[in-house]
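Structure file entry.txt with compact mmCIF, C-alpha atoms:
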```txt
# COMPACT_ATOMS: atom_id res chain seq x y z
CA MET A 1 63.14 -137.10 -24.07
CA GLU A 2 66.18 -137.10 -21.77
CA ILE A 3 67.52 -133.98 -23.51
CA PHE A 4 64.17 -132.22 -23.10
CA ILE A 5 64.01 -133.15 -19.39
CA TYR A 6 67.58 -131.91 -18.92
CA ILE A 7 66.76 -128.57 -20.58
CA LEU A 8 63.65 -128.17 -18.42
CA ILE A 9 65.50 -129.02 -15.19
CA ILE A 10 68.35 -126.56 -15.80
CA LEU A 11 66.13 -123.68 -16.93
CA ILE A 12 63.61 -123.92 -14.07
CA ALA A 13 66.32 -124.48 -11.45
CA SER A 14 68.33 -121.49 -12.76
CA ILE A 15 65.27 -119.22 -12.56
CA LEU A 16 64.56 -120.44 -9.03
CA GLN A 17 68.16 -119.95 -7.89
CA THR A 18 68.35 -116.43 -9.29
CA SER A 19 64.98 -115.28 -7.94
CA THR A 20 65.25 -116.79 -4.45
CA GLY A 21 68.95 -117.38 -3.70
CA PHE A 22 68.42 -121.10 -3.24
CA GLY A 23 66.78 -123.82 -5.22
CA PHE A 24 69.12 -124.88 -8.01
CA SER A 25 70.61 -127.79 -6.09
CA ILE A 26 67.34 -128.49 -4.25
CA LEU A 27 65.40 -128.81 -7.49
CA ALA A 28 68.07 -129.96 -9.95
CA THR A 29 69.99 -132.62 -8.03
CA PRO A 30 67.12 -135.10 -7.45
CA PHE A 31 66.15 -134.95 -11.14
CA LEU A 32 69.73 -135.03 -12.40
CA LEU A 33 70.14 -138.27 -10.45
CA LEU A 34 67.52 -139.76 -12.77
CA LEU A 35 69.63 -138.91 -15.84
CA PHE A 36 73.21 -139.32 -14.60
CA GLU A 37 75.33 -141.35 -12.23
CA PRO A 38 75.53 -139.83 -8.69
CA LYS A 39 79.05 -138.43 -9.24
CA GLU A 40 78.03 -136.85 -12.55
CA ALA A 41 74.76 -135.39 -11.22
CA ILE A 42 76.46 -133.85 -8.19
CA GLN A 43 79.37 -132.34 -10.11
CA ILE A 44 77.16 -130.91 -12.87
CA ASN A 45 75.08 -129.30 -10.14
CA LEU A 46 78.19 -127.91 -8.42
CA ILE A 47 79.61 -126.43 -11.63
CA LEU A 48 76.38 -124.74 -12.76
CA SER A 49 75.53 -123.50 -9.26
CA LEU A 50 78.99 -121.98 -8.97
CA ILE A 51 78.55 -120.17 -12.29
CA ILE A 52 75.20 -118.72 -11.18
CA SER A 53 76.59 -117.57 -7.82
CA ALA A 54 79.62 -115.94 -9.45
CA ALA A 55 77.44 -114.17 -12.04
CA LEU A 56 75.15 -112.71 -9.38
CA PHE A 57 77.66 -111.86 -6.65
CA SER A 58 78.34 -108.27 -7.72
CA LYS A 59 74.60 -107.51 -7.69
CA ILE A 60 73.82 -109.13 -4.32
CA LYS A 61 76.98 -108.13 -2.43
CA LYS A 62 75.20 -105.23 -0.70
CA ASP A 63 72.59 -107.62 0.76
CA THR A 64 75.16 -110.04 2.20
CA ASP A 65 75.57 -110.43 5.97
CA PHE A 66 79.33 -110.97 6.07
CA GLY A 67 79.40 -111.88 9.76
CA VAL A 68 77.00 -114.77 9.21
CA LEU A 69 78.79 -115.64 5.96
CA LYS A 70 82.13 -115.98 7.76
CA ARG A 71 80.65 -118.30 10.41
CA PHE A 72 78.92 -120.41 7.74
CA ALA A 73 82.21 -120.78 5.86
CA ILE A 74 84.16 -121.79 9.00
CA GLY A 75 81.49 -124.30 9.99
CA SER A 76 81.30 -125.78 6.51
CA ALA A 77 85.07 -126.38 6.45
CA ALA A 78 84.52 -129.03 9.13
CA GLY A 79 81.55 -130.52 7.27
CA LEU A 80 83.10 -130.87 3.81
CA PRO A 81 85.43 -133.83 4.58
CA ILE A 82 82.64 -135.60 6.46
CA GLY A 83 80.36 -135.22 3.45
CA ILE A 84 82.85 -136.68 0.97
CA GLY A 85 83.40 -139.61 3.33
CA ILE A 86 79.65 -140.23 3.36
CA PHE A 87 79.53 -140.04 -0.44
CA LEU A 88 82.38 -142.52 -0.90
CA PHE A 89 81.54 -145.09 1.75
CA LEU A 90 77.83 -144.99 2.60
CA ASP A 91 74.80 -146.10 0.59
CA ILE A 92 73.37 -143.03 -1.17
CA SER A 93 69.78 -144.26 -0.72
CA ARG A 94 70.17 -144.31 3.07
CA LEU A 95 71.55 -140.80 2.99
CA LYS A 96 68.58 -139.62 0.91
CA LEU A 97 66.22 -141.24 3.41
CA ALA A 98 67.82 -139.52 6.40
CA VAL A 99 67.92 -136.13 4.65
CA SER A 100 64.27 -136.42 3.57
CA PHE A 101 63.11 -137.06 7.14
CA ILE A 102 65.12 -134.12 8.47
CA ILE A 103 63.81 -131.73 5.80
CA LEU A 104 60.17 -132.79 6.27
CA LEU A 105 60.34 -132.64 10.07
CA LEU A 106 61.94 -129.20 10.18
CA THR A 107 59.57 -127.86 7.50
CA LEU A 108 56.56 -128.97 9.55
CA LEU A 109 58.05 -127.20 12.57
CA LEU A 110 58.45 -124.00 10.56
CA MET A 111 54.88 -124.21 9.27
CA ALA A 112 53.77 -124.57 12.90
CA ASN A 113 55.45 -121.19 13.56
CA PHE A 114 58.54 -122.70 15.17
CA ARG A 115 61.20 -120.05 15.58
CA VAL A 116 64.97 -120.18 15.85
CA LYS A 117 67.08 -117.53 17.53
CA VAL A 118 70.20 -116.50 15.63
CA THR A 119 73.40 -117.30 17.54
CA SER A 120 77.02 -117.70 16.50
CA TRP A 121 76.97 -121.37 17.54
CA ARG A 122 73.95 -122.05 15.34
CA ASP A 123 75.61 -120.25 12.42
CA TYR A 124 78.63 -122.57 12.69
CA SER A 125 76.37 -125.63 13.01
CA VAL A 126 74.25 -124.71 10.00
CA GLY A 127 77.42 -124.13 7.97
CA GLY A 128 78.70 -127.55 9.03
CA LEU A 129 75.48 -129.30 7.99
CA SER A 130 75.55 -127.46 4.68
CA GLY A 131 79.14 -128.58 4.08
CA ILE A 132 78.22 -132.20 4.77
CA MET A 133 75.25 -132.08 2.41
CA THR A 134 77.22 -130.37 -0.38
CA THR A 135 80.01 -132.92 -0.80
CA SER A 136 77.71 -135.88 -0.08
CA ILE A 137 74.68 -135.11 -2.28
CA GLY A 138 75.37 -131.65 -3.75
CA MET A 139 72.60 -129.88 -1.80
CA PRO A 140 73.84 -127.14 0.58
CA GLY A 141 70.55 -125.23 0.52
CA PRO A 142 68.14 -126.98 2.94
CA PRO A 143 70.00 -126.18 6.21
CA LEU A 144 70.41 -122.51 5.23
CA LEU A 145 66.84 -122.18 4.02
CA LEU A 146 65.35 -123.78 7.12
CA TYR A 147 67.52 -121.65 9.40
CA PHE A 148 66.77 -118.36 7.66
CA SER A 149 63.05 -119.15 7.41
CA GLY A 150 62.92 -119.89 11.14
CA THR A 151 64.45 -116.49 11.89
CA ASP A 152 62.17 -114.54 9.51
CA THR A 153 65.12 -113.29 7.48
CA GLU A 154 64.05 -110.86 4.74
CA LYS A 155 64.29 -112.25 1.22
CA GLU A 156 67.05 -109.83 0.10
CA ARG A 157 69.38 -110.79 2.96
CA LEU A 158 68.59 -114.48 2.52
CA ARG A 159 69.40 -114.37 -1.19
CA GLY A 160 72.53 -112.27 -0.77
CA THR A 161 74.06 -114.30 2.07
CA THR A 162 73.27 -117.71 0.60
CA LEU A 163 74.59 -116.84 -2.87
CA ALA A 164 77.81 -115.45 -1.37
CA PHE A 165 78.21 -118.58 0.75
CA TYR A 166 77.62 -120.76 -2.31
CA LEU A 167 80.66 -119.20 -4.00
CA PHE A 168 82.81 -120.70 -1.26
CA ILE A 169 80.99 -123.97 -0.65
CA TYR A 170 80.55 -124.95 -4.30
CA SER A 171 84.18 -124.15 -5.17
CA ALA A 172 85.54 -126.15 -2.24
CA SER A 173 83.12 -129.04 -2.82
CA LEU A 174 83.92 -129.28 -6.52
CA VAL A 175 87.66 -129.49 -5.81
CA ILE A 176 87.10 -132.15 -3.13
CA GLN A 177 84.76 -134.15 -5.39
CA ILE A 178 87.28 -134.13 -8.26
CA ILE A 179 90.18 -135.13 -6.00
CA PHE A 180 88.43 -137.97 -4.20
CA ALA A 181 85.74 -139.15 -6.65
CA GLY A 182 87.30 -138.17 -9.98
CA THR A 183 85.55 -136.53 -12.93
CA ASN A 184 84.82 -137.29 -16.59
CA LYS A 185 84.05 -135.78 -20.00
CA THR A 186 80.26 -136.18 -19.62
CA ILE A 187 80.23 -133.85 -16.61
CA TRP A 188 82.02 -130.99 -18.33
CA LEU A 189 80.28 -131.30 -21.71
CA SER A 190 76.84 -131.45 -20.06
CA SER A 191 77.71 -128.36 -18.02
CA LEU A 192 78.93 -126.54 -21.15
CA TYR A 193 75.72 -127.35 -23.06
CA ALA A 194 73.67 -126.03 -20.13
CA LEU A 195 75.33 -122.58 -20.07
CA PRO A 196 72.86 -120.86 -22.45
CA LEU A 197 69.98 -122.15 -20.32
CA VAL A 198 71.65 -120.84 -17.17
CA LEU A 199 72.09 -117.39 -18.74
CA LEU A 200 68.42 -117.34 -19.75
CA GLY A 201 67.46 -118.41 -16.22
CA LEU A 202 69.57 -115.60 -14.75
CA TYR A 203 67.68 -113.05 -16.83
CA LEU A 204 64.20 -114.41 -16.08
CA GLY A 205 65.00 -114.96 -12.39
CA GLN A 206 66.05 -111.33 -11.88
CA ILE A 207 62.73 -110.18 -13.32
CA LEU A 208 60.81 -112.57 -11.07
CA PHE A 209 62.70 -111.54 -7.92
CA VAL A 210 61.33 -107.99 -7.88
CA LYS A 211 57.77 -109.32 -8.18
CA ILE A 212 57.90 -111.72 -5.20
CA ASN A 213 56.55 -110.35 -1.92
CA GLN A 214 57.71 -111.64 1.47
CA ARG A 215 54.58 -113.68 2.24
CA PHE A 216 54.60 -115.46 -1.12
CA PHE A 217 58.34 -116.02 -0.71
CA LYS A 218 57.76 -117.85 2.60
CA ILE A 219 54.94 -120.01 1.20
CA PHE A 220 57.01 -120.85 -1.84
CA THR A 221 59.88 -121.83 0.45
CA TYR A 222 57.69 -124.34 2.26
CA ILE A 223 56.47 -125.82 -1.03
CA ILE A 224 60.03 -126.33 -2.29
CA LEU A 225 61.16 -127.92 0.98
CA ILE A 226 58.19 -130.30 1.15
CA PHE A 227 58.65 -131.25 -2.50
CA THR A 228 62.34 -131.97 -1.93
CA GLY A 229 61.71 -134.01 1.22
CA VAL A 230 58.97 -136.12 -0.40
CA TYR A 231 61.01 -136.65 -3.57
CA LEU A 232 64.10 -137.78 -1.66
CA LEU A 233 61.94 -140.06 0.48
CA ALA A 234 60.40 -141.68 -2.61
CA ALA A 235 63.80 -142.00 -4.32
CA SER A 236 65.35 -143.68 -1.27
CA VAL A 237 62.75 -146.45 -1.04
CA GLU A 238 62.65 -147.39 -4.73
```

Kindly return the structure encoded in the file as structure tokens.
Amino acid sequence: MEIFIYILIILIASILQTSTGFGFSILATPFLLLLFEPKEAIQINLILSLIISAALFSKIKKDTDFGVLKRFAIGSAAGLPIGIGIFLFLDISRLKLAVSFIILLLTLLLMANFRVKVTSWRDYSVGGLSGIMTTSIGMPGPPLLLYFSGTDTEKERLRGTTLAFYLFIYSASLVIQIIFAGTNKTIWLSSLYALPLVLLGLYLGQILFVKINQRFFKIFTYIILIFTGVYLLAASVE
């Protein structure tokens, strides 16, 4: 049963990541935490997410906003060491609780037509939050997704910029995780076994992407964010 759940998690999350530009860590990490220790779940997520981003980069490069990408990367550099400190020294359940409240609150604001104006300062701040969340719980997506949704960013630019940013953030986070938290055989073997599922998800996700219109994309974004917030909230109070 655990093997079947693992296969299902990786395949669905890979399709979601490829078709939307976010979603692998948002969907996979909470469920991987049910099957693995926190360090293992986070590093498996980082490895597979990095593979997906690298595989797609050549196709989405034209949709990337490199100005925003640069500010995200600079901001995240400040957030990465904070995130690993949180992972090593704070209770993971409290972190999940705080993140769940933030995600649910901001999602409700977006659904109420709350809008955010794009500024350089906000780009740096969102990058910083993403860096913190990547090394602490392996989920860089929520800050980016909330920010882009609040600015009505078109789906192509959202996918291109987030996937390009993930190449940097996942690489840096994986190195930091290995240095400070260590790694093990289970992490790398589980990632290796998941590769065929990731490749299948890449193929199916590309087909799905061209069929998603902007309105459905926005609604689907809200559903994923609410699901993630509720799941993290439930997991933190168990």

Proximity to Arg94 of chain A - best of A:Ile7, A:Leu34, A:Ile137, A:Ala78, only C-alpha atoms: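 When distances to Arg94 of chain A are compared using only C-alpha atoms, the smallest one comes from A:Ile137.
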
Quick one: residues within 12 Å of Ile26 of chain A, only C-alpha atoms counted, chain neighbours fewer than 3 positions away excluded, as JSON, numbers by chain? {"A": [9, 10, 12, 13, 14, 16, 17, 20, 21, 22, 23, 29, 30, 31, 32, 33, 42, 45, 46, 49, 99, 100, 103, 133, 134, 137, 138, 139, 140, 141, 142, 143, 144, 145, 221, 223, 224, 225, 226, 227, 228, 229, 230, 231, 232]}

Please report, as a Markdown table, each residue of segment 125-182 of chain A lying at most 8 Å from segment 53-74 of chain A, together with the nearest pair of atoms and the separation in Å rounded to one decimal; use all atoms listed in the file, and order rows by chain and ascending residue number.
```
| residue | atom | partner | partner_atom | distance |
| --- | --- | --- | --- | --- |
| A:Ser125 | CA | A:Phe72 | CA | 7.8 |
| A:Val126 | CA | A:Phe72 | CA | 6.7 |
| A:Gly127 | CA | A:Phe72 | CA | 4.0 |
| A:Gly128 | CA | A:Phe72 | CA | 7.3 |
| A:Glu156 | CA | A:Asp63 | CA | 6.0 |
| A:Arg157 | CA | A:Asp63 | CA | 5.0 |
| A:Leu158 | CA | A:Thr64 | CA | 7.9 |
| A:Arg159 | CA | A:Ile60 | CA | 7.5 |
| A:Gly160 | CA | A:Thr64 | CA | 4.6 |
| A:Thr161 | CA | A:Thr64 | CA | 4.4 |
| A:Thr162 | CA | A:Leu69 | CA | 8.0 |
| A:Leu163 | CA | A:Ser53 | CA | 5.4 |
| A:Ala164 | CA | A:Phe57 | CA | 6.4 |
| A:Phe165 | CA | A:Leu69 | CA | 6.0 |
| A:Tyr166 | CA | A:Ser53 | CA | 6.4 |
| A:Leu167 | CA | A:Ser53 | CA | 5.8 |
| A:Phe168 | CA | A:Ala73 | CA | 7.1 |
| A:Ile169 | CA | A:Ala73 | CA | 7.4 |
```

Using all atoms listed in the file, pick whichever of A:Ser136, A:Tyr124, A:Phe148, A:Gly79 has the shortest atom-to-atom distance to Leu95 of chain A.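 Smallest separation from Leu95 of chain A among the options: A:Ser136.
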
Quick one: residues within 7 Å of Leu202 of chain A, only C-alpha atoms, excluding same-chain residues fewer than 2 positions away - as a PyMOL selection string? chain A and resi 14-15+18+198-200+204-206

Which value, in Å to one decimal, gives the distance between atom CA of Arg115 of chain A and atom CA of Leu146 of chain A? 10.1 Å

Counting only C-alpha atoms, closest pick from A:Thr135, A:Ser149, A:Thr186, A:Ile84 relative to Leu106 of chain A is A:Ser149

Please indicate the distance in Å from atom CA of Leu109 of chain A to atom CA of Ala28 of chain A, rounded to one decimal place. 24.8 Å

Between atom CA of Thr119 of chain A and atom CA of Lys155 of chain A, measure the distance and give it in Å to one decimal. 19.4 Å
